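Pasted below: coords12.txt, compact mmCIF, C-alpha atoms.
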```txt
# COMPACT_ATOMS: atom_id res chain seq x y z
CA MET A 17 -15.50 -7.79 -14.23
CA ASP A 18 -18.25 -10.38 -14.82
CA GLU A 19 -20.65 -7.77 -16.18
CA VAL A 20 -18.08 -6.70 -18.74
CA PHE A 21 -17.56 -10.22 -20.09
CA LYS A 22 -21.28 -10.95 -20.10
CA ALA A 23 -21.96 -7.68 -21.89
CA LEU A 24 -19.33 -8.47 -24.53
CA ALA A 25 -20.59 -12.03 -25.06
CA ASP A 26 -23.26 -10.88 -27.51
CA GLN A 27 -22.76 -10.09 -31.17
CA SER A 28 -25.34 -7.30 -31.31
CA ARG A 29 -23.77 -5.55 -28.35
CA ARG A 30 -20.29 -5.86 -29.86
CA MET A 31 -21.68 -4.39 -33.06
CA LEU A 32 -23.09 -1.43 -31.15
CA LEU A 33 -19.71 -0.90 -29.50
CA ASP A 34 -18.05 -1.01 -32.94
CA ARG A 35 -20.44 1.66 -34.17
CA LEU A 36 -19.59 3.89 -31.23
CA HIS A 37 -15.91 3.24 -31.78
CA ALA A 38 -16.32 4.44 -35.38
CA ASN A 39 -18.46 7.38 -34.37
CA ASN A 40 -18.56 8.22 -30.67
CA GLY A 41 -21.36 10.15 -29.03
CA GLN A 42 -24.61 8.99 -30.68
CA THR A 43 -28.23 9.20 -29.61
CA LEU A 44 -30.43 6.10 -29.35
CA SER A 45 -32.15 7.07 -32.62
CA GLU A 46 -28.85 7.37 -34.45
CA LEU A 47 -27.69 4.01 -33.14
CA CYS A 48 -30.97 2.40 -34.30
CA GLN A 49 -30.39 3.38 -37.91
CA GLY A 50 -29.63 0.52 -40.29
CA VAL A 51 -29.08 -1.89 -37.44
CA GLY A 52 -31.89 -4.41 -38.13
CA MET A 53 -33.16 -4.37 -34.55
CA SER A 54 -36.15 -2.74 -32.92
CA ARG A 55 -35.59 0.41 -30.92
CA GLN A 56 -36.58 -1.54 -27.84
CA ALA A 57 -33.91 -4.18 -28.50
CA VAL A 58 -31.20 -1.56 -29.04
CA SER A 59 -32.28 0.22 -25.88
CA LYS A 60 -32.07 -3.02 -23.89
CA HIS A 61 -28.58 -3.78 -25.22
CA LEU A 62 -27.44 -0.27 -24.37
CA ASP A 63 -28.74 -0.71 -20.82
CA ILE A 64 -26.65 -3.86 -20.40
CA LEU A 65 -23.61 -2.09 -21.84
CA GLU A 66 -24.17 0.90 -19.58
CA HIS A 67 -24.55 -1.36 -16.55
CA ALA A 68 -21.14 -2.84 -17.39
CA ASN A 69 -19.81 0.70 -17.80
CA LEU A 70 -18.77 -0.08 -21.37
CA VAL A 71 -21.07 2.70 -22.49
CA ALA A 72 -21.29 6.04 -20.71
CA THR A 73 -24.13 8.48 -21.28
CA VAL A 74 -24.00 12.23 -21.18
CA TRP A 75 -26.80 14.76 -21.60
CA HIS A 76 -26.05 17.30 -24.28
CA GLY A 77 -28.92 19.77 -24.22
CA ARG A 78 -32.02 17.62 -24.69
CA GLU A 79 -30.14 14.74 -26.26
CA LYS A 80 -28.76 11.77 -24.41
CA LEU A 81 -25.49 10.77 -26.05
CA HIS A 82 -23.89 7.34 -25.76
CA TYR A 83 -20.13 6.95 -25.60
CA LEU A 84 -17.84 3.96 -25.80
CA ASN A 85 -16.06 3.93 -22.47
CA PRO A 86 -12.66 2.23 -22.81
CA LEU A 87 -11.84 2.23 -19.12
CA PRO A 88 -13.27 -1.14 -17.96
CA ILE A 89 -11.45 -3.03 -20.70
CA TYR A 90 -8.30 -1.06 -20.00
CA GLU A 91 -8.52 -1.78 -16.29
CA ILE A 92 -8.99 -5.51 -16.90
CA SER A 93 -6.09 -5.69 -19.36
CA GLU A 94 -3.83 -3.80 -16.95
CA ARG A 95 -4.52 -6.27 -14.16
CA TRP A 96 -3.99 -9.33 -16.37
CA ILE A 97 -0.96 -7.90 -18.17
CA GLN A 98 0.57 -6.98 -14.84
CA LYS A 99 0.04 -10.50 -13.55
CA TYR A 100 1.52 -12.32 -16.56
CA GLU A 101 4.08 -9.75 -17.66
CA SER A 102 5.70 -9.46 -14.26
CA ASN A 103 6.08 -13.26 -14.14
CA ARG A 104 7.55 -13.28 -17.62
CA LEU A 105 9.96 -10.48 -16.86
CA ARG A 106 11.08 -12.21 -13.66
CA SER A 107 11.82 -15.39 -15.62
CA LEU A 108 13.76 -13.45 -18.24
CA SER A 109 15.89 -11.74 -15.66
CA GLN A 110 16.57 -15.04 -13.89
CA LEU A 111 17.63 -16.56 -17.21
CA LYS A 112 19.86 -13.58 -17.91
CA ARG A 113 21.56 -13.95 -14.53
CA ALA A 114 22.06 -17.69 -15.07
CA LEU A 115 23.58 -17.14 -18.52
CA GLN A 116 25.88 -14.43 -17.23
CA SER A 117 27.11 -16.61 -14.38
CA ASP A 118 27.75 -19.44 -16.90
CA ALA A 119 29.75 -17.02 -19.06
CA ASN A 120 31.81 -15.72 -16.13
CA PRO A 121 32.68 -18.61 -13.88
CA MET B 29 -23.71 15.72 -37.13
CA ASN B 30 -23.48 18.41 -34.51
CA ILE B 31 -19.82 19.43 -34.26
CA GLU B 32 -20.20 20.61 -30.68
CA ARG B 33 -20.76 17.17 -29.21
CA PRO B 34 -17.90 15.99 -26.97
CA LYS B 35 -15.81 13.29 -28.60
CA PHE B 36 -14.43 11.44 -25.59
CA VAL B 37 -16.17 10.63 -22.35
CA TYR B 38 -14.59 8.46 -19.67
CA VAL B 39 -16.43 7.08 -16.67
CA THR B 40 -14.92 5.13 -13.83
CA TYR B 41 -16.28 4.06 -10.47
CA ILE B 42 -13.79 4.36 -7.63
CA ARG B 43 -14.21 2.94 -4.15
CA THR B 44 -13.33 6.08 -2.20
CA THR B 45 -14.93 9.26 -0.89
CA GLN B 46 -15.81 12.28 -2.99
CA GLU B 47 -13.47 14.44 -0.89
CA LYS B 48 -10.54 12.10 -1.29
CA LEU B 49 -11.04 11.79 -5.03
CA TRP B 50 -11.26 15.56 -5.34
CA ARG B 51 -7.97 15.95 -3.50
CA ALA B 52 -6.38 13.26 -5.64
CA LEU B 53 -7.37 15.15 -8.80
CA ILE B 54 -5.85 18.40 -7.55
CA GLU B 55 -3.04 17.89 -5.06
CA PRO B 56 0.56 17.38 -6.19
CA GLU B 57 1.30 14.63 -3.66
CA PHE B 58 -1.36 12.55 -5.41
CA THR B 59 -0.95 13.56 -9.05
CA ARG B 60 2.78 12.89 -8.95
CA GLN B 61 2.00 9.25 -8.26
CA TYR B 62 -0.46 8.54 -11.05
CA TRP B 63 0.08 11.28 -13.62
CA VAL B 64 3.61 10.52 -14.90
CA GLY B 65 5.18 12.53 -12.07
CA SER B 66 3.34 15.74 -13.00
CA TRP B 67 1.62 18.24 -10.78
CA GLN B 68 -0.71 21.19 -11.27
CA GLU B 69 -0.19 24.80 -10.28
CA SER B 70 -3.24 26.93 -9.67
CA GLU B 71 -5.04 29.05 -7.06
CA TRP B 72 -8.11 26.92 -7.85
CA LYS B 73 -10.60 29.79 -8.12
CA PRO B 74 -12.79 30.73 -11.09
CA GLY B 75 -10.66 32.65 -13.58
CA ALA B 76 -7.39 31.52 -11.98
CA SER B 77 -4.62 30.38 -14.28
CA TRP B 78 -3.79 26.70 -14.26
CA ARG B 79 -0.93 24.62 -15.56
CA ILE B 80 0.51 21.14 -15.48
CA MET B 81 4.23 20.95 -14.70
CA MET B 82 6.43 18.08 -15.82
CA PRO B 83 9.21 16.75 -13.58
CA ASP B 84 11.86 18.27 -15.89
CA GLY B 85 10.44 21.74 -15.20
CA ARG B 86 8.65 22.27 -18.50
CA VAL B 87 5.01 23.30 -18.68
CA ALA B 88 3.02 20.45 -20.20
CA ASP B 89 -0.33 22.20 -20.51
CA SER B 90 -1.84 25.50 -19.46
CA GLY B 91 -5.21 27.18 -19.20
CA GLU B 92 -7.68 28.51 -16.71
CA VAL B 93 -10.16 27.35 -14.10
CA LEU B 94 -13.56 27.95 -15.70
CA GLU B 95 -15.80 26.49 -12.98
CA ILE B 96 -15.03 25.04 -9.60
CA ASN B 97 -17.53 23.51 -7.20
CA ALA B 98 -15.62 21.32 -4.74
CA PRO B 99 -15.92 18.40 -4.39
CA LYS B 100 -18.37 17.86 -7.27
CA ARG B 101 -17.37 19.66 -10.44
CA LEU B 102 -14.31 21.19 -11.99
CA VAL B 103 -14.05 22.67 -15.47
CA LEU B 104 -10.74 23.80 -16.98
CA SER B 105 -9.65 25.31 -20.24
CA TRP B 106 -6.61 23.34 -21.39
CA ARG B 107 -4.04 23.85 -24.10
CA ASN B 108 -0.99 21.74 -24.76
CA GLU B 109 2.26 23.71 -24.45
CA PHE B 110 5.13 21.54 -25.63
CA ARG B 111 3.97 20.20 -29.00
CA PRO B 112 3.60 23.03 -31.54
CA GLU B 113 1.00 21.31 -33.73
CA LEU B 114 -1.18 20.58 -30.68
CA ARG B 115 -0.63 23.99 -29.14
CA ALA B 116 -1.82 25.55 -32.39
CA GLU B 117 -5.25 23.97 -31.95
CA GLY B 118 -5.94 26.26 -29.01
CA PHE B 119 -7.90 25.61 -25.85
CA SER B 120 -9.90 22.52 -25.09
CA ARG B 121 -12.36 22.15 -22.26
CA LEU B 122 -12.01 19.51 -19.56
CA THR B 123 -14.84 18.68 -17.18
CA TYR B 124 -14.58 16.48 -14.07
CA GLU B 125 -17.84 15.42 -12.43
CA LEU B 126 -17.80 13.52 -9.15
CA ASP B 127 -20.98 11.74 -8.03
CA ALA B 128 -21.00 10.01 -4.65
CA LEU B 129 -23.11 6.87 -4.93
CA ASP B 130 -24.96 4.95 -2.22
CA ASP B 131 -22.77 1.87 -2.59
CA GLY B 132 -19.61 3.58 -1.31
CA THR B 133 -18.18 4.38 -4.71
CA VAL B 134 -17.74 7.67 -6.50
CA LYS B 135 -18.59 7.93 -10.17
CA LEU B 136 -15.99 10.05 -11.93
CA THR B 137 -16.95 11.38 -15.36
CA VAL B 138 -14.24 13.02 -17.45
CA ILE B 139 -15.23 14.90 -20.59
CA HIS B 140 -12.53 16.40 -22.75
CA GLU B 141 -13.75 18.44 -25.72
CA ILE B 142 -12.51 20.90 -28.28
CA ASP B 143 -14.45 22.89 -30.83
CA LYS B 144 -12.51 21.52 -33.77
CA PRO B 145 -13.32 18.40 -35.82
CA GLU B 146 -10.55 15.80 -36.28
CA SER B 147 -8.54 17.27 -33.44
CA LYS B 148 -5.01 15.88 -33.11
CA PHE B 149 -4.91 17.17 -29.56
CA LEU B 150 -7.96 15.12 -28.50
CA GLU B 151 -6.54 12.11 -30.30
CA ALA B 152 -3.31 12.52 -28.34
CA VAL B 153 -4.94 12.91 -24.92
CA SER B 154 -7.29 10.01 -25.64
CA HIS B 155 -4.23 7.73 -25.41
CA GLY B 156 -3.26 9.17 -22.04
CA TRP B 157 -6.56 9.37 -20.19
CA PRO B 158 -7.31 5.64 -19.82
CA HIS B 159 -3.97 5.01 -18.17
CA ILE B 160 -4.07 8.08 -15.94
CA LEU B 161 -7.60 7.30 -14.75
CA ALA B 162 -6.92 3.58 -14.27
CA SER B 163 -3.80 4.49 -12.30
CA LEU B 164 -5.74 6.99 -10.16
CA LYS B 165 -8.31 4.29 -9.42
CA SER B 166 -5.59 1.82 -8.51
CA LEU B 167 -3.91 4.37 -6.22
CA LEU B 168 -7.10 5.21 -4.34
CA GLU B 169 -8.30 1.60 -4.08
CA THR B 170 -5.06 -0.27 -3.40
CA GLY B 171 -2.59 2.40 -2.29
CA GLU B 172 -0.46 1.89 -5.40
CA ALA B 173 -0.60 3.53 -8.80
CA LEU B 174 -0.11 1.44 -11.95
CA PRO B 175 3.49 0.90 -13.09
CA GLU B 176 4.74 3.65 -15.40
CA ASP B 177 6.34 1.28 -17.88
CA ALA B 178 2.84 0.12 -18.75
CA TRP B 179 2.49 3.29 -20.89
```
Please go through the file and, once you have read it, give me the structure as structure tokens.
Amino acid sequence: MDEVFKALADQSRRMLLDRLHANNGQTLSELCQGVGMSRQAVSKHLDILEHANLVATVWHGREKLHYLNPLPIYEISERWIQKYESNRLRSLSQLKRALQSDANP
Amino acid sequence: MNIERPKFVYVTYIRTTQEKLWRALIEPEFTRQYWVGSWQESEWKPGASWRIMMPDGRVADSGEVLEINAPKRLVLSWRNEFRPELRAEGFSRLTYELDALDDGTVKLTVIHEIDKPESKFLEAVSHGWPHILASLKSLLETGEALPEDAW
């Protein structure tokens, strides 16, 4: 989970993820276009994103395509939502029971 | 841009064995737990028909086994059956690749593609895959799938 947060804590990397979100499956060259960073810098950011599994790569013929991988963020949100939602739902159902017992003495 | 590029690629790393993950992708006793109660029917040979059955008895999706190389690679043709506008788009191609890594995890790559730009079918399945795969991971790693009301 740490790698995901560290990977996201950088504006250039978030921008690259946005670009993939808008247009998934791009080569390194395509991602470098109009981005204001050297190819080396983009490549380094993509490595960090791939290490965090936020970007997945697939060979398509001789091209290496980069994809936004939503799974790590989904997995994190499921764990956190589960933790907080189940507490919230328990409180709501306790409140409901208390109100119903007040209404029907 | 090249229309034939896959649009969605999902990768997850699961702490399990390649064999167990393979079984979990195929066998009803597993899929029922993480795949909204569904199971698959197939002889699991190249050219064999394949379909996903929903608990109410309807066929959710159907197609054919295109390639099978247990426990490493499975490729299916896949068409939705119960939504007319998705069914009309025809067959997509689903690839599972399982790579056993040295650290005791298996890398699962799921590629779902269709030879049609702006596919509503791919858009629809793209909402389902993250949950199904996260639930599969949870099942294999903790013994419990994710709750269904999280959909």
Mind checking which residues fall within 12 Å of Glu169 in chain B, counting all atoms listed in the file, ignoring those fewer than 3 positions away in the same chain, and posting them as a PyMOL selection string? chain B and resi 41-45+48-49+52+132-134+162-166+172-174
Could you check which of A:Asp63, A:Glu79, A:Glu91, A:Glu46 is closest to chain B, using all atoms listed in the file?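 The shortest atom-to-atom distance to chain B comes from A:Glu91.
Our summary of the geometry notes that CA of Pro158 in chain B is positioned 6.8 Å from CA of Tyr90 in chain A.
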Would you give me, as a CSV table (one decimal) with C-alpha atoms, in the coordinates of the input, the residues of chain A that come within 12 Å of chain B, using all atoms listed in the file?
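Dumped to out-v4.csv:
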```csv
chain,number,residue,atom,x,y,z
A,36,LEU,CA,-19.6,3.9,-31.2
A,37,HIS,CA,-15.9,3.2,-31.8
A,38,ALA,CA,-16.3,4.4,-35.4
A,39,ASN,CA,-18.5,7.4,-34.4
A,40,ASN,CA,-18.6,8.2,-30.7
A,41,GLY,CA,-21.4,10.2,-29.0
A,42,GLN,CA,-24.6,9.0,-30.7
A,43,THR,CA,-28.2,9.2,-29.6
A,46,GLU,CA,-28.8,7.4,-34.4
A,66,GLU,CA,-24.2,0.9,-19.6
A,67,HIS,CA,-24.6,-1.4,-16.6
A,68,ALA,CA,-21.1,-2.8,-17.4
A,69,ASN,CA,-19.8,0.7,-17.8
A,70,LEU,CA,-18.8,-0.1,-21.4
A,71,VAL,CA,-21.1,2.7,-22.5
A,72,ALA,CA,-21.3,6.0,-20.7
A,73,THR,CA,-24.1,8.5,-21.3
A,74,VAL,CA,-24.0,12.2,-21.2
A,75,TRP,CA,-26.8,14.8,-21.6
A,76,HIS,CA,-26.0,17.3,-24.3
A,77,GLY,CA,-28.9,19.8,-24.2
A,79,GLU,CA,-30.1,14.7,-26.3
A,80,LYS,CA,-28.8,11.8,-24.4
A,81,LEU,CA,-25.5,10.8,-26.0
A,82,HIS,CA,-23.9,7.3,-25.8
A,83,TYR,CA,-20.1,7.0,-25.6
A,84,LEU,CA,-17.8,4.0,-25.8
A,85,ASN,CA,-16.1,3.9,-22.5
A,86,PRO,CA,-12.7,2.2,-22.8
A,87,LEU,CA,-11.8,2.2,-19.1
A,88,PRO,CA,-13.3,-1.1,-18.0
A,89,ILE,CA,-11.4,-3.0,-20.7
A,90,TYR,CA,-8.3,-1.1,-20.0
A,91,GLU,CA,-8.5,-1.8,-16.3
A,92,ILE,CA,-9.0,-5.5,-16.9
A,93,SER,CA,-6.1,-5.7,-19.4
A,94,GLU,CA,-3.8,-3.8,-17.0
A,95,ARG,CA,-4.5,-6.3,-14.2
A,96,TRP,CA,-4.0,-9.3,-16.4
A,97,ILE,CA,-1.0,-7.9,-18.2
A,98,GLN,CA,0.6,-7.0,-14.8
A,99,LYS,CA,0.0,-10.5,-13.6
A,101,GLU,CA,4.1,-9.8,-17.7
A,102,SER,CA,5.7,-9.5,-14.3
```
For Met53 in chain A, which residue out of A:Met31, A:Asp118, A:Lys22, A:Leu108 is the nearest one, using all atoms listed in the file? A:Met31
Rounded to one decimal place, report the CA of Val51 in chain A-CA of Phe21 in chain A distance in Å.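 It comes out at 22.4 Å.
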Between CA of Glu125 in chain B and CA of His61 in chain A - distance in Å to one decimal: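 CA of His61 in chain A sits 25.4 Å away from CA of Glu125 in chain B.
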Name all residues at most 10 Å from Val58 in chain A (count all atoms listed in the file; drop same-chain ones fewer than 2 positions away) and give them as a PyMOL selection string. chain A and resi 28-29+32+44-45+47-48+51-56+60-63
Neighbour list for Ile160 in chain B as a list of chain:residue names, cut-off 7 Å, all atoms listed in the file, skip fewer than 4 positions in-chain: B:Tyr62, B:Trp63, B:Gly156, B:Leu164
Kindly compute an axis-aligned box around the listed atoms of range 32-38 of chain A, allowing 3 Å on each side, and express its centre and edge lengths in Å to one decimal as JSON.
```
{"center_x": -19.5, "center_y": 1.5, "center_z": -32.4, "size_x": 13.2, "size_y": 11.9, "size_z": 11.9}
```
